[in-house]
Structure formats: structure tokens, C-alpha cells
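Reading through the C-alpha cells given below for one structure.
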Amino acid sequence: MAALKDIKRKVSAVQKTKQITRAMNMVAASKFKNALHRMENFRPYAGKFLDVINSLALRVEPGVHPLLTVRDGGKITAICMTSDRGLCGGFNSNLIKYVERFIREKTREGKEVKLITVGRKGRDYFRRKAELKDEYVDVFGRFTMDLAGEIAAGVIDSFLAGDCDELYLINNQFLNVSVQKAALVRILPVPSLGTTEALDHDRTVEYLYEPSAPALLEQLLPRYVRVLIYRALLETSAGENGARMVAMDNATRNCEEMIQSLTLKYNKARQAAITAELMDIVGGTEALAKG
Amino acid sequence: MAQELMLDIVTPEKRVFEGQVDEVTVPGAEGQFGVLKGHTAFLSSVGIGELSFTQEGKKTFFAVNTGYAEVASGRVTILVETAERSDMIDTERARKAKERAEIRMAKSAREEELDYERMRLSLIRALTRLKVAEKS
């Protein structure tokens with residue numbers, strides 16, 4: 001009989017877990033919808049922006065701006081973007097693995113890698129394992145372009161001051177709800193932007209600039225860094241909630257399966273107990289009749 | 001040669017306006033400029049100010065905040081941090097921002113340059129909003 005009670009207790013425990021995972025799934029779904037919406041709204045801006053900076057970069061001399069200059073130093077800074085909270089499948093661990101591999105490779109090349117972590121999970125993991133230059137924690141609950149501006153201003157200053165020679169951004173690219181892929185982008189020095197074939201014909205016509213092209217570039221480049229970082233923030237936020245949605249959906253389904261198999265076990269055990277009892281009674285009466 | 005003039009106003013939050021217009025006036029960083037159809041390719045930074053365009057004889061005003069404008073083959077693209085149509089401006093908020101900026105500017109004039117500059121920009125934004133809001 002003890003086994004019966006145990007099983008019953010287990011079923012109710014799993015049931016409660018299932019309620020929680022289902023609730024988390026629903027919360028993640030609504031957050032995901034918001035994040036996706038923001039990402040879609042930002043897309044035209046980012047697209048147009050990159051178009052313009054591309055066509056501008058084609059027309060100025062490389063090396064005209066310090067942010068475009070390639071330096072030979074070995075100091076690398078990588079912005080590593082994870083979520084603040086867990087329970088979202090392999091979302092963070094995949095990214096962390098990717099970052100570790102990146103650090104290993106660069107260290108082997110004799111370069112020094114420092115990290116700027118955005119998001120609690122990455123900070124917690126790398127706190128003791130790597131050198132952190134800066135950290136941004138608990139930012140994904142509410143963030144605006146200002147956060148991207150803050151991060152961008154920090155890295156641009158350190159680049160110009162010579163504290164870092166290359167700046168990379170590692171974040172999970174959002175492909176769809178269930179697929180996020182860790183990806184690496186070099187932000188600084190700004191990679192050769194202008195590729196003629198990527199531009200359609202009317203972009204190669206001569207422009208008038210106001211103020212001059214270098215002066216415009218001066219204003220646009222910091223904003224370019226900010227746009228890239230903001231886009232990564234949006235993608236991380238959407239990806240995190242998408243991954244959590246899927247993870248929680250799976251968890252809910254597993255709970256259901258477990259409840260089913262436990263219920264089956266419970267019924268079997270109960271039936272066995274009843275049968276055993278009946279046998280006892282039958283055995284008893286037969287013994288009485290004989291006697 | 002494109003005979004129409006298309007206008008596109010985009011901010012990081014959303015696409016604010018997209019459509020065919022007759023004429024656009026943009027608050028460029030080096031002074032206001034107007035764009036009509038057939039304008040040559042042109043790229044300019046945009047300051048804080050008042051943007052307006054005419055659509056079927058009706059003039060619409062926007063308060064915009066720093067970014068840039070691109071004109072290419074009959075298409076004007078305005079990329080700015082914020083853009084608010086005159087009748088969507090929160091005048092109450094703008095008035096408060098103006099007061100706050102004025103007070104803090106008076107206080108920090110001697111102290112910190114950076115703060116002063118920030119407040120100055122905030123004041124200009126607030127004043128622009130109030131001015132544009134009056135036109136709705």
C-alpha cells in the first residue's frame with residue numbers, strides 16, 4: 001500500500017510542475033511577441049542605415065577616420081550577449097561554449113581577450129574564468145536605444161584610447177522561434193563596408209554632402225556601432241524568449257507523458273492490491289468451508 | 001527620371017511615415033533645406049527641429065531629433081532618433097522638460113560642461129516640440 005501512496009504523491013508533484021511550466025510558456029510567449037514586434041519595427045531603420053553608411057564608406061578614403069583604422073595590437077575586446085535568466089534550453093550554454101572557443105583560438109594566436117558581458121548568465125559564468133572589462137546585468141527586462149548608446153560609447157572610447165585594437169560582438173542570431181545561432185561580428189575597426197556589387201545602381205551616383213563626407217562619417221560611425229549593438233540586444237531578447245517558449249513547451253509535454261505513465265503504474269498497483277486482497281478472502285472462506 | 005517624390009520617415013521604434021508628397025522641408029544640421037521632385041542625390045545630417053511636408057495641399061509638421069536624410073532618385077529617407085507628428089506631441093511633458101532643463105542649466109552653468117550641454121539639447125528638443133505642437 002505504501003507504494004500506492006508514493007505514486008499518488010509523485011503524480012500530484014508532476015502535475016504542479018506542469019502547471020508552472022505551462023504558465024512560464026505562456027509568459028514567454030507574450031514577451032516573445034513583444035520582442036519580435038520591436039525587432040520588426042527596428043528592421044527598416046537598421047536596413048536603411050546600413051545602406052547609407054555603405055554608400056558613404058565607398059566614397060571616402062579608408063583610414064580617414066580612426067574607427068576605420070586597422071591596428072596591429074593584440075588586444076581584443078568581445079561583447080558577449082547572454083540572457084539574464086535561465087530556463088531557456090541551450091540558449092546561453094551554446095553561446096558560452098562559442099565564446100570559450102573564440103577565446104581559446106585568439107589566445108593561441110597570442111592575443112589577449114577581454115570580455116564585456118551583457119546579461120547575467122554570461123557574467124556569472126565568466127566572472128572567474130576570464131577577464132571582464134565591463135558588465136551589464138539585468139538589462140533585458142526593459143531596455144531602449146539608450147542602453148545600446150551607453151555600451152557603444154564605452155567601447156568606442158576604449159578603442160580610441162588604445163585599450164583595445166579589435167572589438168567583436170558575439171550574440172545569438174535570431175533565425176526563428178526554435179533556432180538561434182551564435183554568431184561573431186567584428187564591429188571595430190569597421191570592416192570594409194563598401195562592396196560595390198551589393199549596391200544597386202542608383203546608389204553609386206554622385207552625392208552632395210552636407211556637411212562634408214568625412215564630417216558625416218564622423219557622426220555616422222558611432223551611430224553605426226550603436227545600431228549594431230541595439231540590433232543584437234533585440235535579437236537576444238527575442239531569441240531568449242523564443243528559446244524559453246520552446247523549452248517550456250517541451251517540459252510541459254514531458255510532464256504529461258510522465259503523468260500518463262505514472263497513472264498507468266498507479267492503476268496497475270491498485271489492481272494488484274485488490275487482486276491480492278480477493279485471493280486472501282477467497283483463500284480464507286475456502287479454508288473455513290473445508291474445516 | 002522619377003516624377004514623384006516619396007517620403008520615408010523611420011525611427012528605431014517604427015516607420016513613422018511613408019507616402020507620396022509634393023514637397024519636404026528638413027531641418028538640416030547646416031540649415032533648413034527643401035526637397036522637390038527631381039532633386040539631385042544628397043546626403044545630410046539632420047538636427048533637432050521642425051520637419052514639414054505638403055501632401056495634396058495639406059501641410060503636416062513633425063518634431064524630429066537628430067539623424068540624417070538621404071535623397072536619391074525621387075525618394076527622401078529620413079532616419080532620426082524620434083519623430084512626432086504635431087498632433088501627437090505630449091505638450092505637458094515637453095513643458096515640464098523645458099522647465100527642468102532651464103532650472104538645471106541655471107544651476108550647472110558654472111559646474112559641469114557636460115551636464116550643461118545635455119540640458120541645452122534637452123531644452124532645444126522641448127522648445128521644438130512646443131513650437132510644432134502649436135501648429136496642429
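By order in the C-alpha cells, chains are A, B, ...; within a chain, residues start at 1; ligands start at 1, following the order shown.
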Give me, as a VMD selection string, the contact residues of chain A against chain B at a cut-off of 6 Å, counting only C-alpha atoms.
-> chain A and resid 41 to 42 45 207 to 210
Go ahead and save the residues from that selection, with C-alpha atoms, as a compact mmCIF listing (two decimals), in the first residue's frame.
# COMPACT_ATOMS: atom_id res chain seq x y z
CA ASN A 41 9.97 47.74 -36.18
CA PHE A 42 13.67 48.30 -35.96
CA TYR A 45 15.80 51.65 -39.69
CA TYR A 207 26.05 62.54 -53.92
CA LEU A 208 26.09 66.01 -52.50
CA TYR A 209 27.12 66.03 -48.86
CA GLU A 210 26.23 68.41 -46.12
DSSP on the backbone: what in chain B comes out strand (DSSP E), as a ChimeraX atom specification?
-> /B:5-10,15-21,23-28,31-35,42-46,49-55,58-72,75-85
Would you list the contacts of range 117-119 of chain A as a VMD selection string, taking every protein, DNA or RNA residue within 12 Å and counting only C-alpha atoms, but skipping same-chain residues closer than 4 positions in sequence?
-> chain A and resid 77 to 86 92 95 to 96 99 123 to 127 130 to 141 143 147 to 148 150 to 151 168 to 171 229 to 230 232 to 233 236 to 237 240
So which residues touch Phe33 in chain B within 10 Å, counting only C-alpha atoms, skipping near sequence neighbours fewer than 5 positions away, as number ranges by chain?
-> B: 24-28, 44, 51
Deliver the residues from the most recent selection as a file, using all heavy atoms, as a CSV table (one decimal), in the first residue's frame.
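Dumped to again-v9.csv:
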chain,number,residue,atom,x,y,z
B,24,VAL,N,9.1,68.6,-49.3
B,24,VAL,CA,9.5,68.3,-47.9
B,24,VAL,C,10.5,69.4,-47.4
B,24,VAL,O,11.3,69.8,-48.2
B,24,VAL,CB,10.3,67.0,-47.7
B,24,VAL,CG1,10.4,66.6,-46.3
B,24,VAL,CG2,9.7,65.9,-48.6
B,25,THR,N,10.4,69.9,-46.2
B,25,THR,CA,11.3,70.8,-45.6
B,25,THR,C,12.0,70.1,-44.4
B,25,THR,O,11.3,69.6,-43.5
B,25,THR,CB,10.7,72.1,-45.2
B,25,THR,OG1,9.9,72.6,-46.3
B,25,THR,CG2,11.7,73.1,-44.8
B,26,VAL,N,13.3,70.0,-44.5
B,26,VAL,CA,14.0,69.2,-43.5
B,26,VAL,C,15.0,70.2,-42.7
B,26,VAL,O,15.6,71.0,-43.3
B,26,VAL,CB,14.9,68.1,-44.1
B,26,VAL,CG1,15.6,67.3,-43.1
B,26,VAL,CG2,14.1,67.3,-45.1
B,27,PRO,N,15.0,70.0,-41.4
B,27,PRO,CA,15.9,70.9,-40.6
B,27,PRO,C,17.3,70.3,-40.6
B,27,PRO,O,17.7,69.6,-39.7
B,27,PRO,CB,15.3,70.8,-39.2
B,27,PRO,CG,14.6,69.5,-39.1
B,27,PRO,CD,14.2,69.2,-40.5
B,28,GLY,N,18.1,70.6,-41.6
B,28,GLY,CA,19.4,70.0,-41.7
B,28,GLY,C,20.3,70.6,-40.7
B,28,GLY,O,20.0,71.7,-40.1
B,44,SER,N,22.5,64.4,-46.0
B,44,SER,CA,22.8,65.5,-45.0
B,44,SER,C,22.5,65.0,-43.6
B,44,SER,O,21.6,64.1,-43.4
B,44,SER,CB,22.0,66.7,-45.3
B,44,SER,OG,21.9,67.6,-44.2
B,51,LEU,N,10.3,69.4,-39.0
B,51,LEU,CA,10.2,68.9,-40.4
B,51,LEU,C,8.8,69.0,-40.9
B,51,LEU,O,7.8,68.8,-40.2
B,51,LEU,CB,10.6,67.4,-40.4
B,51,LEU,CG,10.7,66.6,-41.7
B,51,LEU,CD1,11.8,65.6,-41.7
B,51,LEU,CD2,9.4,65.9,-41.9
Test item: residues at most 12 Å from Gln260 in chain A, only C-alpha atoms, excluding those fewer than 4 positions along its chain, as a PyMOL selection string = chain A and resi 7+10-12+14-15+253-256+264-267
Requested write-out: N, CA, C and O atoms of the selected residues, as a PDB file, in the first residue's frame:
ATOM      1  N   ILE A   7       3.254   6.707  -5.313  1.00  0.00           N
ATOM      2  CA  ILE A   7       2.974   7.037  -6.719  1.00  0.00           C
ATOM      3  C   ILE A   7       2.001   8.202  -6.807  1.00  0.00           C
ATOM      4  O   ILE A   7       2.171   9.135  -7.587  1.00  0.00           O
ATOM      5  N   LYS A  10       3.690  11.408  -6.208  1.00  0.00           N
ATOM      6  CA  LYS A  10       4.535  11.773  -7.335  1.00  0.00           C
ATOM      7  C   LYS A  10       3.691  12.391  -8.458  1.00  0.00           C
ATOM      8  O   LYS A  10       4.071  13.392  -9.049  1.00  0.00           O
ATOM      9  N   VAL A  11       2.528  11.776  -8.705  1.00  0.00           N
ATOM     10  CA  VAL A  11       1.663  12.296  -9.768  1.00  0.00           C
ATOM     11  C   VAL A  11       1.274  13.736  -9.479  1.00  0.00           C
ATOM     12  O   VAL A  11       1.336  14.608 -10.353  1.00  0.00           O
ATOM     13  N   SER A  12       0.919  13.998  -8.233  1.00  0.00           N
ATOM     14  CA  SER A  12       0.466  15.365  -7.955  1.00  0.00           C
ATOM     15  C   SER A  12       1.638  16.340  -8.045  1.00  0.00           C
ATOM     16  O   SER A  12       1.464  17.497  -8.440  1.00  0.00           O
ATOM     17  N   VAL A  14       4.209  16.097 -10.114  1.00  0.00           N
ATOM     18  CA  VAL A  14       4.461  16.348 -11.535  1.00  0.00           C
ATOM     19  C   VAL A  14       3.394  17.276 -12.102  1.00  0.00           C
ATOM     20  O   VAL A  14       3.663  18.166 -12.905  1.00  0.00           O
ATOM     21  N   GLN A  15       2.180  17.071 -11.610  1.00  0.00           N
ATOM     22  CA  GLN A  15       1.076  17.919 -12.082  1.00  0.00           C
ATOM     23  C   GLN A  15       1.364  19.407 -11.775  1.00  0.00           C
ATOM     24  O   GLN A  15       1.112  20.280 -12.603  1.00  0.00           O
ATOM     25  N   ARG A 253       5.132  19.001 -22.131  1.00  0.00           N
ATOM     26  CA  ARG A 253       4.812  17.746 -22.786  1.00  0.00           C
ATOM     27  C   ARG A 253       5.425  16.560 -22.031  1.00  0.00           C
ATOM     28  O   ARG A 253       4.794  15.534 -21.851  1.00  0.00           O
ATOM     29  N   ASN A 254       6.649  16.727 -21.567  1.00  0.00           N
ATOM     30  CA  ASN A 254       7.285  15.659 -20.790  1.00  0.00           C
ATOM     31  C   ASN A 254       6.510  15.372 -19.517  1.00  0.00           C
ATOM     32  O   ASN A 254       6.379  14.215 -19.112  1.00  0.00           O
ATOM     33  N   CYS A 255       6.016  16.426 -18.892  1.00  0.00           N
ATOM     34  CA  CYS A 255       5.225  16.243 -17.678  1.00  0.00           C
ATOM     35  C   CYS A 255       3.999  15.396 -17.988  1.00  0.00           C
ATOM     36  O   CYS A 255       3.646  14.481 -17.242  1.00  0.00           O
ATOM     37  N   GLU A 256       3.336  15.724 -19.090  1.00  0.00           N
ATOM     38  CA  GLU A 256       2.135  14.978 -19.464  1.00  0.00           C
ATOM     39  C   GLU A 256       2.448  13.498 -19.628  1.00  0.00           C
ATOM     40  O   GLU A 256       1.723  12.634 -19.132  1.00  0.00           O
ATOM     41  N   LEU A 264      -0.698   5.029 -15.091  1.00  0.00           N
ATOM     42  CA  LEU A 264      -0.797   3.635 -15.504  1.00  0.00           C
ATOM     43  C   LEU A 264      -0.230   2.720 -14.426  1.00  0.00           C
ATOM     44  O   LEU A 264      -0.831   1.722 -14.031  1.00  0.00           O
ATOM     45  N   LYS A 265       0.935   3.129 -13.914  1.00  0.00           N
ATOM     46  CA  LYS A 265       1.609   2.356 -12.875  1.00  0.00           C
ATOM     47  C   LYS A 265       0.710   2.287 -11.630  1.00  0.00           C
ATOM     48  O   LYS A 265       0.561   1.238 -10.994  1.00  0.00           O
ATOM     49  N   TYR A 266       0.111   3.420 -11.321  1.00  0.00           N
ATOM     50  CA  TYR A 266      -0.748   3.506 -10.140  1.00  0.00           C
ATOM     51  C   TYR A 266      -1.927   2.545 -10.277  1.00  0.00           C
ATOM     52  O   TYR A 266      -2.234   1.777  -9.379  1.00  0.00           O
ATOM     53  N   ASN A 267      -2.554   2.581 -11.427  1.00  0.00           N
ATOM     54  CA  ASN A 267      -3.717   1.708 -11.642  1.00  0.00           C
ATOM     55  C   ASN A 267      -3.337   0.234 -11.561  1.00  0.00           C
ATOM     56  O   ASN A 267      -4.059  -0.577 -10.983  1.00  0.00           O
TER      57      ASN A 267
END
Met6 in chain B: which residues within 7 Å, counting only C-alpha atoms, same-chain residues fewer than 4 positions away excluded, as a PyMOL selection string?
-> chain B and resi 19-21+74-76
Got a sec: who's within 8 Å of range 92-106 of chain B, counting only C-alpha atoms, leaving out chain neighbours fewer than 5 positions off, as number ranges by chain?
-> B: 116, 119-120, 122-123, 126-127, 129-130
Give me a file of those residues, with N, CA and C atoms, as a short mmCIF file (atom, residue, chain, number, x, y, z; two decimals), in the first residue's frame.
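Below you can see result_10.cif, which holds the result:
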data_model
loop_
_atom_site.label_atom_id
_atom_site.label_comp_id
_atom_site.auth_asym_id
_atom_site.auth_seq_id
_atom_site.Cartn_x
_atom_site.Cartn_y
_atom_site.Cartn_z
N TYR B 116 25.63 70.61 -18.74
CA TYR B 116 25.09 71.81 -19.33
C TYR B 116 24.68 71.55 -20.78
N MET B 119 21.60 69.39 -21.03
CA MET B 119 20.40 70.14 -20.71
C MET B 119 20.02 71.11 -21.84
N ARG B 120 21.07 71.63 -22.46
CA ARG B 120 20.82 72.56 -23.56
C ARG B 120 20.08 71.83 -24.69
N SER B 122 18.34 69.14 -24.40
CA SER B 122 17.02 68.77 -23.90
C SER B 122 16.07 69.96 -24.02
N LEU B 123 16.60 71.15 -23.74
CA LEU B 123 15.78 72.36 -23.83
C LEU B 123 15.37 72.61 -25.28
N ALA B 126 12.65 70.29 -26.24
CA ALA B 126 11.37 70.67 -25.63
C ALA B 126 10.76 71.86 -26.35
N LEU B 127 11.58 72.84 -26.65
CA LEU B 127 11.08 74.04 -27.32
C LEU B 127 10.55 73.70 -28.71
N ARG B 129 9.36 70.85 -29.70
CA ARG B 129 8.10 70.12 -29.55
C ARG B 129 6.96 71.10 -29.32
N LEU B 130 7.19 72.06 -28.43
CA LEU B 130 6.13 73.01 -28.12
C LEU B 130 5.76 73.83 -29.35
#
Could you find all residues in range 120-284 of chain A that DSSP calls helix (DSSP H, G or I) from the backbone, and write them as a VMD selection string?
-> chain A and resid 120 to 126 145 to 160 196 to 198 201 to 204 213 to 284
Can you work out the spacing between CA of Arg186 in chain A and CA of Tyr224 in chain A in Å, to one decimal?
->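 Here the two named atoms are 12.4 Å from each other.
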